[in-house]
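Right, one structure below, let's go through it.
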Amino acid sequence: MIRRLLTLTLLTLCFIFTYAQQKKEILYVGTFSVRGSQGIYSFAFNRAKKTLTPIQQVPGLESPSFLGIHPTRKFLYSVNRGKASENETGGSVTAYTIDAKNGKLTVLNTRSSFGAEPCHISFDKTGQYIFVSNYNEGNLVVLPLFEDGLVGNPSDSKKYIGNSVNSERQTSSHLHSALISPDNRFLYAADLGTDKLYIYNFNLKTGTLDDSKQKEASVKPGCGPRHFAFHPNGNYMYVAEELSSTVATFKIDKKNGDLTILQDSVLALPKSFAGKNTSADIHVDPKGKFLYMSNRGYNGLSIFSIGADGKIKLVGQQTTGGNTPRNFMIDSKGEYIFVAHQDSDTIAMFRINAKTGMLAPVGKPVKVPAPVCLKMIALP
């Protein structure tokens, strides 16, 4: 009898602990302001049941299209196409507090993004600065963050002028993303309009960007670098080439931030695919074994294996069951991939095979109007 009671008690405690852990995983969804979208959506992810349960809708400025979670997990930031005030032009950046108990968001403040159509936001590792990429403006802006999460005035900015060979998409600079290196020393910025990656020495004390030794690296003309991801070991960078539906692999010199190209224009789609496609998001799994890239038109994810030398090899594709998979994310444990379908208003979930990297659909897609960015947080 005592043994049975102990067993039941242990099972109950395990259930309570597991449930507590599950309800603290929150998925935030950035959207375009079309088809009735209410701004930013949040869901509780139940890992055991593999379900997403709605928590909150946060109305705000037009199209909070890309999100970033602060390193402290206390704040969330969005870049918006809507302007901060009537007196300003371009887009904006909004800061939110994250409730540590339930993950709900509360607006802190909104500042200008100092450029038209901001499309990407990221942080330095200390959380003292954010980096905003303005697509149409072709500029990069560094904004300081206060301890209470408020966004300050720019500490630096870079304006780019140039073009490349695609007469429709590359008539001017289109900065699409910027990320700090894993050691917080170098900032890299991808310019779709010029086929270049810019490299800066990041000054943490002043929040400024200084020219690095190399200054820039290039991919093949017409490829259009969009998003990029670092390998967990910090030695390699993988670049989604939007216009050619391919991937470039770079070796990173950790001493000076220089980039050496190892592979360019690695094909991501089946050779039999003859339709139109633009690649979008790209991520490495937490163990550094596999690389994934989303494709709009083919409507699926490309799957690559990563060798010991950092080079990639295409091993397959997974259609995602929706239209225009613009953005996706891999959970921190490397078990699931969540995919946002911009034009079919759904978020789909896939289980990752740890040995092969291949994907299997899980559960039913969740309905969200025009989802274009996914970020997940495990609350403390």
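Note on naming: chains are A, B, ... as they come in the structure tokens, residues start from 1 per chain, ligands start from 1 in the order shown.
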
So that I can see what lies close to Ser164 in chain A, please list as a PyMOL selection string the residues with an atom at most 8 Å from it, counting only C-alpha atoms and leaving out residues fewer than 4 positions away in the same chain.
chain A and resi 170-172+193-195+221-222

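The closest residue to Pro144 in chain A, picked from A:Ser177, A:Gln214, A:Asn166, A:Thr206 and counting only C-alpha atoms, is A:Thr206.
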
Using 9 Å as the limit and counting only C-alpha atoms, can you tabulate each residue of range 16-74 of chain A that touches range 116-126 of chain A, with its shortest atom-to-atom distance in Å and the two atoms involved, as JSON lines?
{"residue": "A:Ser65", "atom": "CA", "partner": "A:Cys119", "partner_atom": "CA", "distance": 6.9}
{"residue": "A:Phe66", "atom": "CA", "partner": "A:His120", "partner_atom": "CA", "distance": 5.7}
{"residue": "A:Leu67", "atom": "CA", "partner": "A:Ile121", "partner_atom": "CA", "distance": 6.7}
{"residue": "A:Gly68", "atom": "CA", "partner": "A:Ser122", "partner_atom": "CA", "distance": 6.1}
{"residue": "A:Ile69", "atom": "CA", "partner": "A:Ser122", "partner_atom": "CA", "distance": 8.4}
{"residue": "A:His70", "atom": "CA", "partner": "A:Phe123", "partner_atom": "CA", "distance": 7.1}
{"residue": "A:Pro71", "atom": "CA", "partner": "A:Lys125", "partner_atom": "CA", "distance": 6.9}
{"residue": "A:Thr72", "atom": "CA", "partner": "A:Thr126", "partner_atom": "CA", "distance": 8.7}

Name the residues in contact with Val247 in chain A at a cut-off of 6 Å, using only C-alpha atoms, excluding same-chain residues fewer than 2 positions from it; report them as a count of residues only.
5

I want to know what sits within 6 Å of Gly82 in chain A, based on only C-alpha atoms, with residues of the same chain fewer than 3 positions away left out; could you give that as a PyMOL selection string?
chain A and resi 61-62+91

Would you mind listing what lies within 8 Å of Asp191 in chain A as a ChimeraX atom specification, with only C-alpha atoms counted and same-chain residues fewer than 5 positions away left out?
/A:138,173-177,196-198,224-226

Please, could you write that set of residues out with N, CA, C and O atoms as a CSV table (one decimal), in the first residue's frame?
chain,number,residue,atom,x,y,z
A,138,GLY,N,17.8,51.0,-47.2
A,138,GLY,CA,19.2,50.6,-47.4
A,138,GLY,C,20.1,51.0,-46.3
A,138,GLY,O,21.3,51.4,-46.6
A,173,SER,N,20.5,49.5,-52.8
A,173,SER,CA,20.8,48.7,-51.7
A,173,SER,C,19.5,48.3,-50.9
A,173,SER,O,18.6,49.1,-50.8
A,174,HIS,N,19.5,47.1,-50.4
A,174,HIS,CA,18.4,46.6,-49.6
A,174,HIS,C,18.9,45.8,-48.5
A,174,HIS,O,19.1,44.6,-48.6
A,175,LEU,N,19.2,46.5,-47.4
A,175,LEU,CA,19.8,45.8,-46.2
A,175,LEU,C,18.7,44.9,-45.6
A,175,LEU,O,17.6,45.3,-45.3
A,176,HIS,N,19.0,43.6,-45.4
A,176,HIS,CA,17.9,42.6,-45.0
A,176,HIS,C,18.1,42.0,-43.7
A,176,HIS,O,17.2,41.6,-43.0
A,177,SER,N,19.3,42.0,-43.1
A,177,SER,CA,19.5,41.5,-41.8
A,177,SER,C,20.9,41.8,-41.3
A,177,SER,O,21.8,42.1,-42.1
A,196,LYS,N,26.4,41.8,-51.1
A,196,LYS,CA,27.5,41.9,-50.2
A,196,LYS,C,27.1,41.6,-48.8
A,196,LYS,O,26.0,41.8,-48.4
A,197,LEU,N,28.1,41.2,-48.0
A,197,LEU,CA,28.0,41.1,-46.6
A,197,LEU,C,29.0,42.1,-46.0
A,197,LEU,O,30.2,42.0,-46.3
A,198,TYR,N,28.6,43.1,-45.2
A,198,TYR,CA,29.4,44.1,-44.6
A,198,TYR,C,29.9,43.6,-43.2
A,198,TYR,O,29.1,42.9,-42.5
A,224,GLY,N,21.6,37.6,-54.1
A,224,GLY,CA,20.7,38.3,-53.2
A,224,GLY,C,20.8,37.8,-51.8
A,224,GLY,O,19.8,37.1,-51.3
A,225,PRO,N,21.9,38.0,-51.0
A,225,PRO,CA,21.9,37.5,-49.6
A,225,PRO,C,20.8,38.1,-48.8
A,225,PRO,O,20.6,39.4,-48.8
A,226,ARG,N,20.1,37.3,-48.0
A,226,ARG,CA,19.0,37.8,-47.2
A,226,ARG,C,19.2,37.6,-45.7
A,226,ARG,O,19.5,38.5,-45.0
